[in-house]
>>> print(open('input_23.pdb').read())   # PDB, C-alpha atoms
ATOM      1  CA  MET A   1     -23.719  -2.987  32.814
ATOM      2  CA  PRO A   2     -20.214  -1.611  32.309
ATOM      3  CA  SER A   3     -19.453  -0.228  28.911
ATOM      4  CA  ARG A   4     -16.801  -1.719  26.609
ATOM      5  CA  GLU A   5     -14.666   1.439  27.070
ATOM      6  CA  SER A   6     -14.545   1.058  30.874
ATOM      7  CA  TYR A   7     -13.674  -2.648  30.514
ATOM      8  CA  VAL A   8     -10.722  -1.802  28.218
ATOM      9  CA  LEU A   9      -9.555   0.920  30.645
ATOM     10  CA  ARG A  10      -9.614  -1.490  33.618
ATOM     11  CA  LYS A  11      -7.691  -4.073  31.585
ATOM     12  CA  GLU A  12      -5.027  -1.500  30.688
ATOM     13  CA  GLU A  13      -4.795  -0.426  34.357
ATOM     14  CA  LYS A  14      -4.221  -4.040  35.451
ATOM     15  CA  SER A  15      -1.579  -4.448  32.758
ATOM     16  CA  LEU A  16       0.240  -1.292  33.913
ATOM     17  CA  VAL A  17       0.113  -2.421  37.572
ATOM     18  CA  HIS A  18       1.497  -5.861  36.649
ATOM     19  CA  LYS A  19       4.279  -4.215  34.588
ATOM     20  CA  ALA A  20       5.169  -1.865  37.455
ATOM     21  CA  LYS A  21       5.381  -4.800  39.899
ATOM     22  CA  ALA A  22       7.623  -6.722  37.474
ATOM     23  CA  GLU A  23       9.908  -3.692  37.099
ATOM     24  CA  GLY A  24       9.993  -3.315  40.866
ATOM     25  CA  LYS A  25      11.090  -6.942  41.273
ATOM     26  CA  GLU A  26      13.749  -6.509  38.561
ATOM     27  CA  GLN A  27      15.074  -3.384  40.279
ATOM     28  CA  GLY A  28      15.161  -5.200  43.619
ATOM     29  CA  MET A  29      17.101  -8.153  42.134
ATOM     30  CA  VAL A  30      19.662  -5.904  40.450
ATOM     31  CA  ALA A  31      20.055  -3.793  43.593
ATOM     32  CA  ALA A  32      20.557  -6.954  45.673
ATOM     33  CA  ALA A  33      23.186  -8.192  43.216
ATOM     34  CA  LEU A  34      25.024  -4.889  43.644
ATOM     35  CA  GLY A  35      24.663  -5.005  47.439
ATOM     36  CA  MET A  36      22.391  -1.949  47.560
ATOM     37  CA  LYS A  37      19.242  -1.312  49.595
ATOM     38  CA  MET A  38      16.220   0.076  47.772
ATOM     39  CA  SER A  39      13.822   2.485  49.478
ATOM     40  CA  PRO A  40      10.088   1.688  49.293
ATOM     41  CA  GLN A  41       9.656   4.692  47.052
ATOM     42  CA  LYS A  42      10.491   4.051  43.398
ATOM     43  CA  PRO A  43      13.727   5.787  42.313
ATOM     44  CA  PRO A  44      13.509   8.321  39.535
ATOM     45  CA  ALA A  45      14.087   7.021  35.980
ATOM     46  CA  THR A  46      17.201   9.209  35.635
ATOM     47  CA  LEU A  47      18.807   7.181  38.478
ATOM     48  CA  TRP A  48      17.376   3.752  37.592
ATOM     49  CA  GLN A  49      18.413   3.539  33.939
ATOM     50  CA  PRO A  50      22.204   4.098  34.489
ATOM     51  CA  LEU A  51      22.040   1.741  37.485
ATOM     52  CA  LYS A  52      20.405  -0.943  35.329
ATOM     53  CA  LEU A  53      23.006  -0.569  32.555
ATOM     54  CA  PHE A  54      25.852  -0.731  35.097
ATOM     55  CA  ALA A  55      24.429  -3.881  36.695
ATOM     56  CA  TYR A  56      24.071  -5.658  33.342
ATOM     57  CA  SER A  57      27.618  -4.696  32.363
ATOM     58  CA  GLN A  58      28.935  -6.120  35.654
ATOM     59  CA  LEU A  59      27.048  -9.392  35.171
ATOM     60  CA  THR A  60      28.304  -9.656  31.573
ATOM     61  CA  SER A  61      31.859  -9.061  32.801
ATOM     62  CA  LEU A  62      31.503 -11.799  35.425
ATOM     63  CA  VAL A  63      30.253 -14.279  32.806
ATOM     64  CA  ARG A  64      33.118 -13.352  30.462
ATOM     65  CA  ARG A  65      35.716 -13.817  33.214
ATOM     66  CA  ALA A  66      34.196 -17.167  34.201
ATOM     67  CA  THR A  67      34.396 -18.276  30.552
ATOM     68  CA  LEU A  68      38.052 -17.238  30.350
ATOM     69  CA  LYS A  69      38.850 -19.129  33.552
ATOM     70  CA  GLU A  70      37.119 -22.194  32.154
ATOM     71  CA  SER A  71      39.236 -22.016  28.995
ATOM     72  CA  GLU A  72      42.358 -21.703  31.165
ATOM     73  CA  ARG A  73      41.468 -24.986  32.872
ATOM     74  CA  ALA A  74      41.408 -26.825  29.554
ATOM     75  CA  PRO A  75      44.670 -25.851  27.830
ATOM     76  CA  LYS A  76      44.811 -26.380  24.083
ATOM     77  CA  TYR A  77      48.376 -27.557  23.522
ATOM     78  CA  GLU A  78      49.289 -28.662  20.008
ATOM     79  CA  LYS A  79      51.043 -32.026  19.866
ATOM     80  CA  VAL A  80      52.543 -34.013  16.990
ATOM     81  CA  HIS A  81      51.774 -37.718  16.724
ATOM     82  CA  ASN A  82      54.388 -40.201  17.891
ATOM     83  CA  PHE A  83      54.187 -42.565  14.897
ATOM     84  CA  LYS A  84      56.026 -45.897  14.891
ATOM     85  CA  VAL A  85      56.059 -48.603  12.186
ATOM     86  CA  HIS A  86      53.502 -51.254  13.131
ATOM     87  CA  THR A  87      52.414 -54.705  11.956
ATOM     88  CA  PHE A  88      48.634 -55.014  12.192
ATOM     89  CA  ARG A  89      46.874 -58.329  12.771
ATOM     90  CA  GLY A  90      43.827 -58.820  10.599
ATOM     91  CA  PRO A  91      42.374 -56.306   8.115
ATOM     92  CA  HIS A  92      42.961 -52.627   8.912
ATOM     93  CA  TRP A  93      41.991 -49.367   7.212
ATOM     94  CA  CYS A  94      43.863 -46.068   7.321
ATOM     95  CA  GLU A  95      42.129 -43.637   9.699
ATOM     96  CA  TYR A  96      43.222 -40.685   7.563
ATOM     97  CA  CYS A  97      42.393 -41.698   3.957
ATOM     98  CA  ALA A  98      40.031 -44.602   4.834
ATOM     99  CA  ASN A  99      41.800 -46.916   2.330
ATOM    100  CA  PHE A 100      42.811 -50.505   3.077
ATOM    101  CA  MET A 101      46.291 -51.152   4.544
ATOM    102  CA  TRP A 102      47.843 -53.792   2.292
ATOM    103  CA  GLY A 103      50.616 -56.207   3.228
ATOM    104  CA  LEU A 104      51.451 -58.875   5.777
ATOM    105  CA  ILE A 105      53.983 -56.930   7.878
ATOM    106  CA  ALA A 106      54.651 -53.235   8.551
ATOM    107  CA  GLN A 107      51.447 -52.200   6.752
ATOM    108  CA  GLY A 108      51.493 -48.708   8.300
ATOM    109  CA  VAL A 109      52.302 -46.660  11.376
ATOM    110  CA  LYS A 110      50.588 -46.330  14.761
ATOM    111  CA  CYS A 111      50.760 -43.374  17.173
ATOM    112  CA  ALA A 112      52.227 -44.654  20.434
ATOM    113  CA  ASP A 113      50.386 -41.947  22.400
ATOM    114  CA  CYS A 114      46.835 -41.929  20.994
ATOM    115  CA  GLY A 115      46.683 -45.167  18.951
ATOM    116  CA  LEU A 116      45.938 -43.535  15.547
ATOM    117  CA  ASN A 117      46.543 -46.009  12.649
ATOM    118  CA  VAL A 118      47.514 -44.572   9.236
ATOM    119  CA  HIS A 119      49.567 -45.332   6.118
ATOM    120  CA  LYS A 120      53.194 -44.264   6.365
ATOM    121  CA  GLN A 121      52.680 -41.765   3.518
ATOM    122  CA  CYS A 122      49.502 -40.428   5.168
ATOM    123  CA  SER A 123      51.350 -39.783   8.457
ATOM    124  CA  LYS A 124      53.083 -36.794   6.829
ATOM    125  CA  MET A 125      49.706 -35.130   6.201
ATOM    126  CA  VAL A 126      48.013 -35.816   9.552
ATOM    127  CA  PRO A 127      47.535 -32.545  11.524
ATOM    128  CA  ASN A 128      49.235 -32.029  14.905
ATOM    129  CA  ASP A 129      46.113 -32.965  16.849
ATOM    130  CA  CYS A 130      47.315 -35.934  18.902
ATOM    131  CA  LYS A 131      45.114 -36.515  21.959
ATOM    132  CA  PRO A 132      47.093 -38.945  24.132
ATOM    133  CA  ASP A 133      45.085 -41.708  25.763
ATOM    134  CA  LEU A 134      45.951 -42.813  29.304
ATOM    135  CA  LYS A 135      45.797 -46.458  28.206
ATOM    136  CA  HIS A 136      48.762 -45.744  25.900
ATOM    137  CA  VAL A 137      50.624 -43.378  28.292
ATOM    138  CA  LYS A 138      51.816 -45.931  30.844
ATOM    139  CA  LYS A 139      54.157 -43.808  32.984
ATOM    140  CA  VAL A 140      54.860 -40.294  34.277
ATOM    141  CA  TYR A 141      58.663 -40.157  34.412
ATOM    142  CA  SER A 142      60.479 -40.301  31.044
ATOM    143  CA  CYS A 143      57.226 -39.351  29.277
ATOM    144  CA  ASP A 144      57.216 -36.410  26.856
ATOM    145  CA  LEU A 145      56.044 -33.311  28.750
ATOM    146  CA  THR A 146      53.328 -32.245  26.278
ATOM    147  CA  THR A 147      52.097 -35.836  25.959
ATOM    148  CA  LEU A 148      51.699 -36.102  29.738
ATOM    149  CA  VAL A 149      49.767 -32.851  30.236
ATOM    150  CA  LYS A 150      47.471 -33.597  27.293
ATOM    151  CA  ALA A 151      46.788 -37.138  28.494
ATOM    152  CA  HIS A 152      45.801 -35.829  31.941
ATOM    153  CA  ASN A 153      44.098 -32.682  30.568
ATOM    154  CA  ALA A 154      46.318 -30.585  32.854
ATOM    155  CA  THR A 155      48.250 -27.335  32.571
ATOM    156  CA  ARG A 156      51.496 -28.741  33.976
ATOM    157  CA  PRO A 157      52.805 -32.214  34.900
ATOM    158  CA  MET A 158      51.348 -33.384  38.220
ATOM    159  CA  VAL A 159      54.876 -34.184  39.483
ATOM    160  CA  VAL A 160      55.805 -30.496  39.222
ATOM    161  CA  ASP A 161      52.593 -29.252  40.862
ATOM    162  CA  MET A 162      52.533 -31.776  43.701
ATOM    163  CA  CYS A 163      56.252 -31.642  44.573
ATOM    164  CA  ILE A 164      56.377 -27.829  44.551
ATOM    165  CA  ARG A 165      53.229 -27.580  46.718
ATOM    166  CA  GLU A 166      54.734 -29.955  49.267
ATOM    167  CA  ILE A 167      58.165 -28.242  49.213
ATOM    168  CA  GLU A 168      56.616 -24.785  49.715
ATOM    169  CA  ALA A 169      54.389 -26.065  52.509
ATOM    170  CA  ARG A 170      57.217 -27.386  54.656
ATOM    171  CA  GLY A 171      60.644 -26.881  53.114
ATOM    172  CA  LEU A 172      61.320 -23.317  51.909
ATOM    173  CA  LYS A 173      63.553 -22.600  54.917
ATOM    174  CA  SER A 174      65.443 -25.894  54.715
ATOM    175  CA  GLU A 175      69.193 -25.250  54.468
ATOM    176  CA  GLY A 176      70.711 -26.229  51.125
ATOM    177  CA  LEU A 177      67.318 -26.746  49.468
ATOM    178  CA  TYR A 178      67.847 -28.378  46.024
ATOM    179  CA  ARG A 179      71.629 -28.486  46.644
ATOM    180  CA  ILE A 180      71.577 -31.300  49.218
ATOM    181  CA  SER A 181      70.663 -34.674  47.750
ATOM    182  CA  GLY A 182      68.119 -36.989  49.312
ATOM    183  CA  PHE A 183      68.538 -40.748  49.771
ATOM    184  CA  SER A 184      68.589 -42.218  46.240
ATOM    185  CA  ASP A 185      66.464 -45.281  47.099
ATOM    186  CA  LEU A 186      63.679 -43.037  48.462
ATOM    187  CA  ILE A 187      63.873 -40.770  45.391
ATOM    188  CA  GLU A 188      63.424 -43.849  43.206
ATOM    189  CA  ASP A 189      60.488 -44.818  45.422
ATOM    190  CA  VAL A 190      58.809 -41.448  44.730
ATOM    191  CA  LYS A 191      59.354 -41.988  40.998
ATOM    192  CA  LEU A 192      57.710 -45.416  41.135
ATOM    193  CA  ALA A 193      54.807 -43.980  43.161
ATOM    194  CA  PHE A 194      54.071 -41.365  40.463
ATOM    195  CA  ASP A 195      54.433 -43.931  37.663
ATOM    196  CA  ARG A 196      52.083 -46.301  39.468
ATOM    197  CA  ASP A 197      49.516 -43.953  41.108
ATOM    198  CA  GLY A 198      49.823 -40.653  39.193
ATOM    199  CA  GLU A 199      47.912 -37.863  40.976
ATOM    200  CA  LYS A 200      47.042 -40.245  43.837
ATOM    201  CA  ALA A 201      50.710 -40.698  44.814
ATOM    202  CA  ASP A 202      51.237 -39.958  48.523
ATOM    203  CA  ILE A 203      54.267 -37.680  49.024
ATOM    204  CA  SER A 204      53.156 -36.232  52.367
ATOM    205  CA  VAL A 205      55.408 -35.756  55.403
ATOM    206  CA  ASN A 206      54.036 -39.017  56.839
ATOM    207  CA  VAL A 207      55.661 -40.960  53.994
ATOM    208  CA  TYR A 208      58.693 -38.800  53.074
ATOM    209  CA  GLU A 209      59.844 -36.766  56.050
ATOM    210  CA  ASP A 210      63.077 -35.591  54.382
ATOM    211  CA  ILE A 211      62.231 -32.683  52.038
ATOM    212  CA  ASN A 212      65.428 -33.393  50.070
ATOM    213  CA  VAL A 213      63.820 -36.606  48.792
ATOM    214  CA  LEU A 214      61.101 -34.543  47.089
ATOM    215  CA  THR A 215      63.547 -31.990  45.657
ATOM    216  CA  GLY A 216      65.582 -34.918  44.326
ATOM    217  CA  ALA A 217      62.477 -36.499  42.790
ATOM    218  CA  LEU A 218      61.564 -33.199  41.080
ATOM    219  CA  LYS A 219      65.078 -32.788  39.640
ATOM    220  CA  LEU A 220      65.040 -36.417  38.486
ATOM    221  CA  TYR A 221      61.748 -35.814  36.666
ATOM    222  CA  PHE A 222      63.302 -32.949  34.692
ATOM    223  CA  ARG A 223      66.472 -34.955  33.941
ATOM    224  CA  ASP A 224      64.443 -37.926  32.691
ATOM    225  CA  LEU A 225      62.431 -35.897  30.148
ATOM    226  CA  PRO A 226      63.174 -37.120  26.599
ATOM    227  CA  ILE A 227      63.011 -33.463  25.456
ATOM    228  CA  PRO A 228      64.275 -31.019  28.132
ATOM    229  CA  VAL A 229      62.079 -28.210  29.478
ATOM    230  CA  ILE A 230      64.254 -25.805  27.456
ATOM    231  CA  THR A 231      64.030 -27.782  24.230
ATOM    232  CA  TYR A 232      66.889 -28.698  21.908
ATOM    233  CA  ASP A 233      65.468 -26.376  19.231
ATOM    234  CA  ALA A 234      65.351 -23.383  21.582
ATOM    235  CA  TYR A 235      68.664 -24.144  23.341
ATOM    236  CA  PRO A 236      70.952 -22.077  21.013
ATOM    237  CA  ARG A 237      68.703 -18.988  21.406
ATOM    238  CA  PHE A 238      69.018 -19.116  25.211
ATOM    239  CA  ILE A 239      72.796 -19.587  25.113
ATOM    240  CA  GLU A 240      73.209 -16.679  22.661
ATOM    241  CA  ALA A 241      71.045 -14.491  24.920
ATOM    242  CA  ALA A 242      73.278 -15.275  27.926
ATOM    243  CA  LYS A 243      76.376 -14.227  25.941
ATOM    244  CA  LEU A 244      75.060 -10.673  25.376
ATOM    245  CA  THR A 245      76.632  -8.028  27.613
ATOM    246  CA  ASP A 246      73.941  -5.330  27.464
ATOM    247  CA  PRO A 247      71.330  -6.116  30.211
ATOM    248  CA  ASP A 248      68.339  -4.808  28.218
ATOM    249  CA  GLN A 249      69.326  -6.655  25.046
ATOM    250  CA  ARG A 250      69.896  -9.822  27.071
ATOM    251  CA  LEU A 251      66.396  -9.681  28.595
ATOM    252  CA  GLU A 252      64.852  -8.953  25.204
ATOM    253  CA  ALA A 253      66.713 -11.911  23.675
ATOM    254  CA  LEU A 254      65.554 -14.189  26.515
ATOM    255  CA  HIS A 255      61.975 -13.030  26.011
ATOM    256  CA  GLU A 256      62.201 -13.930  22.320
ATOM    257  CA  ALA A 257      63.818 -17.289  23.151
ATOM    258  CA  LEU A 258      60.918 -18.164  25.475
ATOM    259  CA  LYS A 259      58.537 -17.781  22.524
ATOM    260  CA  GLN A 260      60.324 -20.716  20.863
ATOM    261  CA  LEU A 261      59.215 -23.121  23.605
ATOM    262  CA  PRO A 262      56.099 -25.293  23.218
ATOM    263  CA  PRO A 263      53.242 -23.964  25.409
ATOM    264  CA  ALA A 264      53.411 -26.821  27.938
ATOM    265  CA  HIS A 265      57.180 -26.354  28.331
ATOM    266  CA  CYS A 266      56.853 -22.573  28.720
ATOM    267  CA  GLU A 267      54.094 -22.883  31.343
ATOM    268  CA  THR A 268      56.098 -25.471  33.325
ATOM    269  CA  LEU A 269      59.193 -23.258  33.197
ATOM    270  CA  ARG A 270      57.169 -20.209  34.316
ATOM    271  CA  TYR A 271      55.714 -22.093  37.291
ATOM    272  CA  LEU A 272      59.125 -23.460  38.303
ATOM    273  CA  MET A 273      60.840 -20.049  38.056
ATOM    274  CA  ALA A 274      58.132 -18.450  40.230
ATOM    275  CA  HIS A 275      58.776 -21.188  42.804
ATOM    276  CA  LEU A 276      62.560 -20.745  42.677
ATOM    277  CA  LYS A 277      62.078 -16.993  43.118
ATOM    278  CA  ARG A 278      60.220 -17.752  46.365
ATOM    279  CA  VAL A 279      63.106 -20.036  47.374
ATOM    280  CA  THR A 280      65.560 -17.119  46.962
ATOM    281  CA  GLN A 281      63.309 -14.929  49.126
ATOM    282  CA  ASN A 282      64.157 -17.290  52.014
ATOM    283  CA  GLU A 283      67.908 -17.133  51.348
ATOM    284  CA  LYS A 284      68.709 -16.170  54.960
ATOM    285  CA  ASP A 285      67.476 -19.575  56.088
ATOM    286  CA  ASN A 286      68.114 -21.893  53.122
ATOM    287  CA  LEU A 287      71.332 -20.194  51.878
ATOM    288  CA  MET A 288      70.174 -20.605  48.262
ATOM    289  CA  ASN A 289      70.350 -17.549  45.990
ATOM    290  CA  ALA A 290      69.634 -17.310  42.257
ATOM    291  CA  GLU A 291      73.260 -18.105  41.357
ATOM    292  CA  ASN A 292      73.296 -21.294  43.449
ATOM    293  CA  LEU A 293      69.979 -22.421  42.000
ATOM    294  CA  GLY A 294      71.292 -21.651  38.501
ATOM    295  CA  ILE A 295      74.206 -24.029  39.101
ATOM    296  CA  VAL A 296      71.782 -26.773  40.219
ATOM    297  CA  PHE A 297      69.075 -26.326  37.559
ATOM    298  CA  GLY A 298      71.151 -25.225  34.543
ATOM    299  CA  PRO A 299      72.177 -28.737  33.415
ATOM    300  CA  THR A 300      68.828 -30.135  34.651
ATOM    301  CA  LEU A 301      66.591 -27.962  32.455
ATOM    302  CA  MET A 302      69.008 -27.424  29.532
ATOM    303  CA  ARG A 303      70.903 -30.080  27.611
ATOM    304  CA  ALA A 304      73.157 -29.337  24.664
ATOM    305  CA  PRO A 305      71.851 -30.911  21.426
ATOM    306  CA  ASP A 306      74.593 -33.198  20.049
ATOM    307  CA  LEU A 307      77.463 -30.815  20.780
ATOM    308  CA  ASP A 308      81.044 -31.994  21.200
ATOM    309  CA  ALA A 309      82.310 -32.443  24.760
ATOM    310  CA  MET A 310      84.364 -29.229  24.812
ATOM    311  CA  THR A 311      81.491 -27.011  23.584
ATOM    312  CA  ALA A 312      79.090 -28.641  26.035
ATOM    313  CA  LEU A 313      81.577 -27.982  28.851
ATOM    314  CA  ASN A 314      81.922 -24.320  27.862
ATOM    315  CA  ASP A 315      78.120 -23.970  27.787
ATOM    316  CA  ILE A 316      77.745 -24.889  31.475
ATOM    317  CA  ARG A 317      78.473 -21.352  32.676
ATOM    318  CA  TYR A 318      75.972 -19.922  30.186
ATOM    319  CA  GLN A 319      73.364 -22.440  31.321
ATOM    320  CA  ARG A 320      73.845 -21.181  34.875
ATOM    321  CA  GLN A 321      73.517 -17.567  33.720
ATOM    322  CA  VAL A 322      70.315 -18.343  31.791
ATOM    323  CA  LEU A 323      68.666 -19.875  34.858
ATOM    324  CA  GLU A 324      69.906 -17.092  37.117
ATOM    325  CA  LEU A 325      68.413 -14.472  34.771
ATOM    326  CA  LEU A 326      65.117 -16.357  34.479
ATOM    327  CA  ILE A 327      64.769 -16.561  38.268
ATOM    328  CA  LYS A 328      65.687 -12.935  38.959
ATOM    329  CA  ASN A 329      63.488 -11.571  36.145
ATOM    330  CA  GLU A 330      60.621 -14.084  36.428
ATOM    331  CA  ASP A 331      58.036 -11.334  36.897
ATOM    332  CA  ILE A 332      59.199  -9.500  33.726
ATOM    333  CA  LEU A 333      59.913 -12.381  31.344
ATOM    334  CA  PHE A 334      56.764 -14.476  31.889
TER
END
>>> encode(input="input_23.pdb", output="structure tokens")
Amino acid sequence: MPSRESYVLRKEEKSLVHKAKAEGKEQGMVAAALGMKMSPQKPPATLWQPLKLFAYSQLTSLVRRATLKESERAPKYEKVHNFKVHTFRGPHWCEYCANFMWGLIAQGVKCADCGLNVHKQCSKMVPNDCKPDLKHVKKVYSCDLTTLVKAHNATRPMVVDMCIREIEARGLKSEGLYRISGFSDLIEDVKLAFDRDGEKADISVNVYEDINVLTGALKLYFRDLPIPVITYDAYPRFIEAAKLTDPDQRLEALHEALKQLPPAHCETLRYLMAHLKRVTQNEKDNLMNAENLGIVFGPTLMRAPDLDAMTALNDIRYQRQVLELLIKNEDILF
């Protein structure tokens, strides 16, 4: 009959064999992940340990990058509520202070974008955390840019993404791109399609063969924005930057001015400038350089905030210069 000591020894041997097999499997999995082939003979510990640490660091890096990409897909843009005086039917309670809203008419205010109901005095204390609801955001054109991207949980307005994709797919070499106007009735048709169908709007070559219709629809989208891409608040900073004569100071001033834009506006402007840069790279065919595009897009993306007619007229050349600088230096400024 085997002694207790021999039984313990056999048990320890089995445990060691099982552990060795498990380590072997682990090594094989890590090696496979790194695209390496393992020899049947076990590698020395001096080689295995650094290899193991390297593999784990690579996997951790991949997970971290995947997490960052996921956060990029869900942009966190801050948005103020669009409160309007409202008359509520039936009893209502403030969603901020939870107190009753007294009165028969105009008892409080309601956010036109997310439907939040609060007292008028409470509206001044509500944080900028508006989450627009698609049932309140009825259209695409003439809708506030940040409201639209938040309602659709997007990085940029779908009009910008879809039109630019289609233009780059079949129109970069088209002569007079963005300068030549498309048929106005068809441009209005594109607008109605986006307002009605959103991301499902069909703007393919089968429906709109003339690329100038899509460039016209994109420019119309920017013109119809209630707050321009280059906002009224940031407008003076961009104009002052264009007036500087020193090239380095001018770029630095433009870089600082871009920081004044809301995130959704800045991202849309970055994407558009990268596209227009690609347009200029086909200048031999489309005859559109940065200066020409600046003339087209200056008044489209920038609008003077309540300036007199003469000042607004004088600003046109600076608007052109701003856009020209943004296109030429897109890779540096954004």
>>> resolve_selection(input="input_23.pdb", expression="the PyMOL selection byres ((chain A and resi 257) around 12)", output="VMD selection string")
chain A and resid 230 to 242 250 to 256 258 to 262 266 322 326 333 to 334
>>> write_last_selection(input="input_23.pdb", atoms="C-alpha atoms", output="compact mmCIF listing (two decimals), in the coordinates of the input")
# COMPACT_ATOMS: atom_id res chain seq x y z
CA ILE A 230 64.25 -25.80 27.46
CA THR A 231 64.03 -27.78 24.23
CA TYR A 232 66.89 -28.70 21.91
CA ASP A 233 65.47 -26.38 19.23
CA ALA A 234 65.35 -23.38 21.58
CA TYR A 235 68.66 -24.14 23.34
CA PRO A 236 70.95 -22.08 21.01
CA ARG A 237 68.70 -18.99 21.41
CA PHE A 238 69.02 -19.12 25.21
CA ILE A 239 72.80 -19.59 25.11
CA GLU A 240 73.21 -16.68 22.66
CA ALA A 241 71.04 -14.49 24.92
CA ALA A 242 73.28 -15.28 27.93
CA ARG A 250 69.90 -9.82 27.07
CA LEU A 251 66.40 -9.68 28.60
CA GLU A 252 64.85 -8.95 25.20
CA ALA A 253 66.71 -11.91 23.68
CA LEU A 254 65.55 -14.19 26.52
CA HIS A 255 61.98 -13.03 26.01
CA GLU A 256 62.20 -13.93 22.32
CA LEU A 258 60.92 -18.16 25.48
CA LYS A 259 58.54 -17.78 22.52
CA GLN A 260 60.32 -20.72 20.86
CA LEU A 261 59.22 -23.12 23.60
CA PRO A 262 56.10 -25.29 23.22
CA CYS A 266 56.85 -22.57 28.72
CA VAL A 322 70.32 -18.34 31.79
CA LEU A 326 65.12 -16.36 34.48
CA LEU A 333 59.91 -12.38 31.34
CA PHE A 334 56.76 -14.48 31.89
>>> atom_distance(input="input_23.pdb", atom1="CA of Asp195 in chain A", atom2="CA of Leu177 in chain A")
24.5 Å
>>> atom_distance(input="input_23.pdb", atom1="CA of Ala154 in chain A", atom2="CA of Glu330 in chain A")
22.1 Å
>>> residues_around(input="input_23.pdb", residues="range 208-221 of chain A", least_positions_apart="3", cutoff="7 Å", atoms="only C-alpha atoms", output="tab-separated table (two decimals) with C-alpha atoms, in the coordinates of the input")
chain	number	residue	atom	x	y	z
A	141	TYR	CA	58.66	-40.16	34.41
A	159	VAL	CA	54.88	-34.18	39.48
A	160	VAL	CA	55.80	-30.50	39.22
A	163	CYS	CA	56.25	-31.64	44.57
A	167	ILE	CA	58.16	-28.24	49.21
A	171	GLY	CA	60.64	-26.88	53.11
A	177	LEU	CA	67.32	-26.75	49.47
A	178	TYR	CA	67.85	-28.38	46.02
A	180	ILE	CA	71.58	-31.30	49.22
A	181	SER	CA	70.66	-34.67	47.75
A	182	GLY	CA	68.12	-36.99	49.31
A	183	PHE	CA	68.54	-40.75	49.77
A	186	LEU	CA	63.68	-43.04	48.46
A	187	ILE	CA	63.87	-40.77	45.39
A	190	VAL	CA	58.81	-41.45	44.73
A	191	LYS	CA	59.35	-41.99	41.00
A	203	ILE	CA	54.27	-37.68	49.02
A	204	SER	CA	53.16	-36.23	52.37
A	205	VAL	CA	55.41	-35.76	55.40
A	224	ASP	CA	64.44	-37.93	32.69
A	225	LEU	CA	62.43	-35.90	30.15
A	300	THR	CA	68.83	-30.14	34.65
>>> closest_residue(input="input_23.pdb", among="A:Gly198, A:Gly176, A:Gly108, A:Gly294", to="His92 in chain A", atoms="only C-alpha atoms")
A:Gly108
>>> resolve_selection(input="input_23.pdb", expression="the PyMOL selection byres ((chain A and resi 146) around 12)", output="compact mmCIF listing (two decimals) with C-alpha atoms, in the frame of the given file")
# COMPACT_ATOMS: atom_id res chain seq x y z
CA PRO A 75 44.67 -25.85 27.83
CA LYS A 76 44.81 -26.38 24.08
CA TYR A 77 48.38 -27.56 23.52
CA GLU A 78 49.29 -28.66 20.01
CA LYS A 79 51.04 -32.03 19.87
CA VAL A 80 52.54 -34.01 16.99
CA HIS A 81 51.77 -37.72 16.72
CA ASN A 82 54.39 -40.20 17.89
CA ASP A 113 50.39 -41.95 22.40
CA ASP A 129 46.11 -32.97 16.85
CA CYS A 130 47.32 -35.93 18.90
CA LYS A 131 45.11 -36.52 21.96
CA PRO A 132 47.09 -38.94 24.13
CA VAL A 137 50.62 -43.38 28.29
CA VAL A 140 54.86 -40.29 34.28
CA SER A 142 60.48 -40.30 31.04
CA CYS A 143 57.23 -39.35 29.28
CA ASP A 144 57.22 -36.41 26.86
CA LEU A 145 56.04 -33.31 28.75
CA THR A 147 52.10 -35.84 25.96
CA LEU A 148 51.70 -36.10 29.74
CA VAL A 149 49.77 -32.85 30.24
CA LYS A 150 47.47 -33.60 27.29
CA ALA A 151 46.79 -37.14 28.49
CA HIS A 152 45.80 -35.83 31.94
CA ASN A 153 44.10 -32.68 30.57
CA ALA A 154 46.32 -30.58 32.85
CA THR A 155 48.25 -27.34 32.57
CA ARG A 156 51.50 -28.74 33.98
CA PRO A 157 52.80 -32.21 34.90
CA LEU A 225 62.43 -35.90 30.15
CA PRO A 226 63.17 -37.12 26.60
CA ILE A 227 63.01 -33.46 25.46
CA PRO A 228 64.28 -31.02 28.13
CA VAL A 229 62.08 -28.21 29.48
CA THR A 231 64.03 -27.78 24.23
CA LEU A 261 59.22 -23.12 23.60
CA PRO A 262 56.10 -25.29 23.22
CA PRO A 263 53.24 -23.96 25.41
CA ALA A 264 53.41 -26.82 27.94
CA HIS A 265 57.18 -26.35 28.33
CA CYS A 266 56.85 -22.57 28.72
CA GLU A 267 54.09 -22.88 31.34
CA THR A 268 56.10 -25.47 33.33
>>> atom_distance(input="input_23.pdb", atom1="CA of Pro305 in chain A", atom2="CA of Leu323 in chain A")
17.7 Å
>>> resolve_selection(input="input_23.pdb", expression="the PyMOL selection byres ((chain A and resi 94) around 6)", output="list in words")
Trp93, Glu95, Tyr96, Cys97, Ala98, Asn99, Asn117, Val118 and His119 of chain A
>>> write_last_selection(input="input_23.pdb", atoms="C-alpha atoms", output="mmCIF file, in the frame of the given file")
data_model
loop_
_atom_site.group_PDB
_atom_site.id
_atom_site.type_symbol
_atom_site.label_atom_id
_atom_site.label_comp_id
_atom_site.auth_asym_id
_atom_site.auth_seq_id
_atom_site.Cartn_x
_atom_site.Cartn_y
_atom_site.Cartn_z
ATOM 1 C CA TRP A 93 41.991 -49.367 7.212
ATOM 2 C CA GLU A 95 42.129 -43.637 9.699
ATOM 3 C CA TYR A 96 43.222 -40.685 7.563
ATOM 4 C CA CYS A 97 42.393 -41.698 3.957
ATOM 5 C CA ALA A 98 40.031 -44.602 4.834
ATOM 6 C CA ASN A 99 41.800 -46.916 2.330
ATOM 7 C CA ASN A 117 46.543 -46.009 12.649
ATOM 8 C CA VAL A 118 47.514 -44.572 9.236
ATOM 9 C CA HIS A 119 49.567 -45.332 6.118
#
